[in-house]
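Here's the structure we're looking at; comments come further down.
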Amino acid sequence: MNSIEFPLLDRTTQNSVISTTLNDLSNWSRLSSLWPLLYGTSCCFIEFASLIGSRFDFDRYGLVPRSSPRQADLILTAGTVTMKMAPSLVRLYEQMPEPKYVIAMGACTITGGMFSTDSYSTVRGVDKLIPVDVYLPGCPPKPEAVIDAITKLRKKISQEIYEDQIGSQVENRRNQKMQGRLSAWLVKHGLVHRSLGFDYQGIETLQIKTEDWHSIAVILYLYGYNYLRSQCAYDVAPGGLLASVYHLTRIEYGIDQPEEVCIKVFVPRKNPRIPSSFWVWKSADFQERESYDMLGISYNNHPRLKRILMPESWIGWPLRKDYIAPNFYEIQDAH
């Protein structure tokens with residue numbers, strides 16, 4: 001660990017005075033005192049926690065776990081990252097001071113692991129959320145592998161130029177927060193909307209008002225979004241708003257990676273109504289019916305808006321967070 005070479009850290013005199021550069025001195029001090037954030041997302045954190053014990057004792061490498069992100073400069077994303085946890089992870093990363101580093105620990109963190117094929121809630125790679133410096137595969141990686149990853153990170157730090165590293169990290173985050181191309185086009189043409197940034201896959205997300213949705217849907221179709229990949233809905237919070245979500249794609253000949261956008265339309269819980277997109281994208285037929293069946297969102301001008309999963313005699317909307325199953329008194333009493 002301590003055998004990392006510095007190109008200019010070898011000029012000594014008889015009185016044991018070492019002459020070096022400020023950049024090498026800064027790198028040496030930072031790599032010798034990495035302070036990881038005491039934070040884990042799933043089961044890999046058990047392996048990380050074992051490093052703190054006397055058997056591995058990673059304090060001898062200058063690693064001091066910190067409970068506050070404002071005092072940490074290293075975060076090990078130990079385990080599966082879910083979409084629900086993703087905003088909190090990004091918030092913790094943003095609160096860490098510069099310079100800061102990330103080690104992606106475990107297969108689930110790097111690619112989604114065993115959940116990458118059929119899970120609707122797993123982020124397929126933490127590098128879609130925050131920049132990663134070292135990837136550590138395994139399920140789970142052993143503590144010795146974590147120490148090896150830290151060794152590689154220390155070697156990377158020893159070769160950095162401080163100003164360039166800071167500039168690149170700031171530039172990366174600035175690019176992630178930039179306004180998307182579609183949002184800029186809508187602003188240019190005076191179309192009211194709100195940019196929600198980008199999701200974990202880098203897809204631009206926009207919020208459209210209910211009264212503007214039909215006209216903007218037609219405009220988006222003419223703009224080139226000719227395919228409705230999926231439509232779904234969800235309950236934002238108990239007693240709060242309901243959201244109808246549209247994933248649109250521009251299908252063009254000869255394009256391997258078509259442009260995508262995510263549209264969200266929020267409606268109040270009481271009498272939620274949204275203009276149907278069926279007359280723009282015919283594939284919205286069954287999908288809007290399912291959103292109506294599960295959450296009670298009425299899509300105006302839909303040709304056959306009726307239940308598709310539950311019987312017509314069913315009472316209530318099953319996917320609302322405040323839903324209570326009828327005639328199921330145990331849940332009602334608990335509620």
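In the structure tokens, each chain is lettered A, B, ... as it comes, each chain's residues begin at 1, and ligands are numbered from 1 in order of appearance.
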
Just want the 10 Å neighbourhood of Pro238 (chain A), counted on only C-alpha atoms, with same-chain residues fewer than 5 positions away dropped. Output as a compact mmCIF listing (two decimals) with N, CA, C and O atoms, in the first residue's frame.
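Output below, filename result-v4.txt:
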```txt
# COMPACT_ATOMS: atom_id res chain seq x y z
N ARG A 269 -55.95 13.74 -6.72
CA ARG A 269 -56.52 12.45 -6.37
C ARG A 269 -58.04 12.43 -6.54
O ARG A 269 -58.61 11.40 -6.88
N ARG A 320 -53.71 2.21 -5.49
CA ARG A 320 -53.57 3.43 -4.69
C ARG A 320 -53.02 3.06 -3.31
O ARG A 320 -53.38 2.03 -2.74
N LYS A 321 -52.15 3.91 -2.80
CA LYS A 321 -51.46 3.57 -1.56
C LYS A 321 -52.38 3.60 -0.34
O LYS A 321 -52.03 3.05 0.70
N ASP A 322 -53.53 4.25 -0.46
CA ASP A 322 -54.47 4.27 0.65
C ASP A 322 -55.63 3.30 0.41
O ASP A 322 -56.67 3.39 1.05
N TYR A 323 -55.44 2.36 -0.52
CA TYR A 323 -56.50 1.42 -0.85
C TYR A 323 -56.66 0.37 0.24
O TYR A 323 -55.67 -0.14 0.78
```

Problem set entry | DSSP helix (DSSP H, G or I) selection over region 193-277 of chain A, as a VMD selection string | chain A and resid 210 to 223

Save the residues we just selected, all heavy atoms, as a compact mmCIF listing (two decimals), in the first residue's frame?
```
# COMPACT_ATOMS: atom_id res chain seq x y z
N THR A 210 -51.97 19.11 -17.22
CA THR A 210 -53.07 18.30 -17.73
C THR A 210 -53.74 18.98 -18.92
O THR A 210 -54.02 18.35 -19.95
CB THR A 210 -54.10 18.05 -16.62
OG1 THR A 210 -53.45 17.46 -15.49
CG2 THR A 210 -55.19 17.12 -17.10
N GLU A 211 -54.01 20.28 -18.79
CA GLU A 211 -54.73 20.99 -19.85
C GLU A 211 -53.90 21.16 -21.12
O GLU A 211 -54.45 21.41 -22.20
CB GLU A 211 -55.20 22.37 -19.35
CG GLU A 211 -54.08 23.27 -18.85
CD GLU A 211 -53.77 23.09 -17.37
OE1 GLU A 211 -54.12 22.03 -16.81
OE2 GLU A 211 -53.18 24.02 -16.79
N ASP A 212 -52.58 21.02 -21.01
CA ASP A 212 -51.71 21.17 -22.19
C ASP A 212 -51.32 19.84 -22.82
O ASP A 212 -50.69 19.82 -23.89
CB ASP A 212 -50.43 21.93 -21.80
CG ASP A 212 -50.72 23.32 -21.28
OD1 ASP A 212 -51.73 23.91 -21.72
OD2 ASP A 212 -49.94 23.82 -20.45
N TRP A 213 -51.68 18.71 -22.18
CA TRP A 213 -51.14 17.44 -22.60
C TRP A 213 -51.58 17.05 -24.01
O TRP A 213 -50.76 16.59 -24.81
CB TRP A 213 -51.51 16.35 -21.61
CG TRP A 213 -51.22 14.95 -22.08
CD1 TRP A 213 -52.07 13.89 -22.09
CD2 TRP A 213 -49.99 14.46 -22.64
NE1 TRP A 213 -51.46 12.77 -22.60
CE2 TRP A 213 -50.17 13.10 -22.95
CE3 TRP A 213 -48.75 15.04 -22.89
CZ2 TRP A 213 -49.18 12.31 -23.50
CZ3 TRP A 213 -47.76 14.26 -23.45
CH2 TRP A 213 -47.96 12.92 -23.76
N HIS A 214 -52.85 17.22 -24.35
CA HIS A 214 -53.31 16.76 -25.66
C HIS A 214 -52.60 17.51 -26.79
O HIS A 214 -52.12 16.89 -27.75
CB HIS A 214 -54.82 16.93 -25.79
CG HIS A 214 -55.36 16.48 -27.11
ND1 HIS A 214 -55.41 15.16 -27.48
CD2 HIS A 214 -55.83 17.19 -28.19
CE1 HIS A 214 -55.91 15.05 -28.71
NE2 HIS A 214 -56.16 16.27 -29.15
N SER A 215 -52.51 18.82 -26.68
CA SER A 215 -51.87 19.60 -27.75
C SER A 215 -50.38 19.29 -27.85
O SER A 215 -49.83 19.15 -28.95
CB SER A 215 -52.09 21.10 -27.53
OG SER A 215 -51.56 21.50 -26.27
N ILE A 216 -49.72 19.13 -26.71
CA ILE A 216 -48.28 18.82 -26.74
C ILE A 216 -48.06 17.40 -27.24
O ILE A 216 -47.06 17.11 -27.92
CB ILE A 216 -47.66 19.04 -25.35
CG1 ILE A 216 -47.64 20.54 -25.03
CG2 ILE A 216 -46.26 18.45 -25.26
CD1 ILE A 216 -46.95 20.89 -23.74
N ALA A 217 -48.98 16.48 -26.94
CA ALA A 217 -48.85 15.12 -27.46
C ALA A 217 -48.87 15.12 -28.99
O ALA A 217 -48.07 14.42 -29.63
CB ALA A 217 -49.97 14.24 -26.90
N VAL A 218 -49.77 15.90 -29.57
CA VAL A 218 -49.82 16.00 -31.03
C VAL A 218 -48.53 16.61 -31.58
O VAL A 218 -47.97 16.14 -32.58
CB VAL A 218 -51.04 16.84 -31.46
CG1 VAL A 218 -51.03 17.06 -32.97
CG2 VAL A 218 -52.34 16.17 -31.03
N ILE A 219 -48.02 17.63 -30.90
CA ILE A 219 -46.78 18.28 -31.33
C ILE A 219 -45.60 17.30 -31.25
O ILE A 219 -44.75 17.24 -32.15
CB ILE A 219 -46.52 19.53 -30.48
CG1 ILE A 219 -47.58 20.59 -30.78
CG2 ILE A 219 -45.12 20.09 -30.73
CD1 ILE A 219 -47.53 21.79 -29.86
N LEU A 220 -45.55 16.51 -30.17
CA LEU A 220 -44.47 15.54 -30.04
C LEU A 220 -44.53 14.48 -31.13
O LEU A 220 -43.50 14.04 -31.64
CB LEU A 220 -44.53 14.88 -28.66
CG LEU A 220 -44.19 15.78 -27.46
CD1 LEU A 220 -44.36 15.01 -26.15
CD2 LEU A 220 -42.77 16.32 -27.56
N TYR A 221 -45.75 14.08 -31.51
CA TYR A 221 -45.89 13.10 -32.59
C TYR A 221 -45.37 13.69 -33.91
O TYR A 221 -44.64 13.03 -34.66
CB TYR A 221 -47.34 12.68 -32.73
CG TYR A 221 -47.57 11.62 -33.78
CD1 TYR A 221 -47.40 10.27 -33.48
CD2 TYR A 221 -47.93 11.96 -35.08
CE1 TYR A 221 -47.58 9.29 -34.44
CE2 TYR A 221 -48.11 10.99 -36.05
CZ TYR A 221 -47.94 9.65 -35.72
OH TYR A 221 -48.12 8.69 -36.69
N LEU A 222 -45.72 14.93 -34.18
CA LEU A 222 -45.25 15.58 -35.40
C LEU A 222 -43.75 15.84 -35.34
O LEU A 222 -43.07 15.85 -36.38
CB LEU A 222 -46.01 16.89 -35.62
CG LEU A 222 -47.53 16.74 -35.85
CD1 LEU A 222 -48.17 18.12 -35.93
CD2 LEU A 222 -47.81 15.93 -37.11
N TYR A 223 -43.22 16.04 -34.13
CA TYR A 223 -41.79 16.26 -33.95
C TYR A 223 -40.99 15.00 -34.28
O TYR A 223 -39.81 15.08 -34.62
CB TYR A 223 -41.53 16.70 -32.52
CG TYR A 223 -40.09 17.00 -32.19
CD1 TYR A 223 -39.49 18.19 -32.59
CD2 TYR A 223 -39.33 16.10 -31.45
CE1 TYR A 223 -38.16 18.47 -32.28
CE2 TYR A 223 -38.00 16.36 -31.12
CZ TYR A 223 -37.42 17.55 -31.54
OH TYR A 223 -36.12 17.83 -31.22
```

Do a neighbour search on Thr109 (chain A) at 7 Å with only C-alpha atoms, toss out local chain neighbours closer than 6 positions, and write the hits as a PDB file with N, CA and C atoms, in the first residue's frame.
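This went into around_37.pdb:
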```
ATOM      1  N   THR A  77     -20.494   1.964  -2.949  1.00  0.00           N
ATOM      2  CA  THR A  77     -21.898   1.603  -3.157  1.00  0.00           C
ATOM      3  C   THR A  77     -21.998   0.086  -3.020  1.00  0.00           C
ATOM      4  N   ALA A  78     -22.254  -0.359  -1.797  1.00  0.00           N
ATOM      5  CA  ALA A  78     -22.160  -1.775  -1.448  1.00  0.00           C
ATOM      6  C   ALA A  78     -23.522  -2.444  -1.564  1.00  0.00           C
ATOM      7  N   GLY A  79     -23.827  -2.975  -2.749  1.00  0.00           N
ATOM      8  CA  GLY A  79     -25.048  -3.741  -2.917  1.00  0.00           C
ATOM      9  C   GLY A  79     -25.996  -3.147  -3.935  1.00  0.00           C
ATOM     10  N   THR A  80     -27.136  -3.815  -4.077  1.00  0.00           N
ATOM     11  CA  THR A  80     -28.145  -3.441  -5.062  1.00  0.00           C
ATOM     12  C   THR A  80     -28.638  -2.016  -4.831  1.00  0.00           C
ATOM     13  N   VAL A  81     -28.756  -1.259  -5.899  1.00  0.00           N
ATOM     14  CA  VAL A  81     -29.304   0.097  -5.836  1.00  0.00           C
ATOM     15  C   VAL A  81     -30.678   0.073  -6.490  1.00  0.00           C
ATOM     16  N   GLY A 125     -26.805  -0.529 -12.918  1.00  0.00           N
ATOM     17  CA  GLY A 125     -25.487   0.097 -12.913  1.00  0.00           C
ATOM     18  C   GLY A 125     -25.511   1.434 -12.210  1.00  0.00           C
ATOM     19  N   VAL A 126     -24.741   1.545 -11.120  1.00  0.00           N
ATOM     20  CA  VAL A 126     -24.725   2.792 -10.371  1.00  0.00           C
ATOM     21  C   VAL A 126     -24.045   3.915 -11.153  1.00  0.00           C
TER      22      VAL A 126
END
```

For this session: For Leu196 (chain A), please output as a list in words all residues within 12 Å (counting only C-alpha atoms; exclusion window: fewer than 2 positions along the same chain).
Result: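 The filter keeps Gln176, Lys177, Met178, Gln179, Gly180, Leu182, Ser183, His193, Arg194, Phe198, Asp199, Gly202, Ile203, Glu204, Thr205, Leu206, Gln207, Ile208, Val261, Cys262, Ile263, Lys264 and Val265 of chain A.
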
Problem set entry | Shell of 10 Å around Ile315 (chain A), only C-alpha atoms, local chain residues under 4 positions omitted, as number ranges by chain | A: 310-311, 324-326

For this session: Write out as a list of chain:residue names each polymer residue whose atoms come within 6 Å of Gln231 (chain A), counting only C-alpha atoms; drop sequence neighbours fewer than 2 positions from it.
Result: A:Val245, A:Tyr246, A:Gln287

Would you write out those residues with C-alpha atoms, as a PDB file, in the first residue's frame?
```pdb
ATOM      1  CA  VAL A 245     -46.232   8.400 -17.317  1.00  0.00           C
ATOM      2  CA  TYR A 246     -45.557   8.146 -21.070  1.00  0.00           C
ATOM      3  CA  GLN A 287     -52.342   0.678 -21.169  1.00  0.00           C
TER       4      GLN A 287
END
```

Problem set entry | Residue with smallest distance to Phe266 (chain A) - pool A:Trp281, A:Arg289, A:Pro141, A:Leu242, counting only C-alpha atoms | A:Leu242

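We find CA of Ser276 (chain A) and CA of Gln257 (chain A) to be spaced 27.9 Å apart.
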
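Coordinates place CA of Lys282 (chain A) at a distance of 19.4 Å from CA of Leu309 (chain A).
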
Problem set entry | Shell around Asp73 (chain A) at 8 Å using only C-alpha atoms, local window under 3 positions removed, as JSON, numbers by chain | {"A": [34, 35, 36, 37, 69, 96, 97, 98, 99, 100, 101]}

Exercise. As JSON, numbers by chain, which residues of region 25-234 of chain A does DSSP assign to strand (DSSP E or B)?
Worked result: {"A": [36, 37, 66, 74, 75, 76, 77, 78, 82, 101, 102, 103, 104, 105, 122, 134, 135, 136, 194, 195, 196, 197, 198, 204, 205, 206, 207, 227, 228, 229, 230, 231, 232, 233, 234]}

For this session: Grab the CA of Ser244 (chain A) to CA of Leu305 (chain A) distance for me, in Å with one decimal place.
Result: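 So the two atoms, CA of Ser244 (chain A) and CA of Leu305 (chain A), lie 15.3 Å apart.
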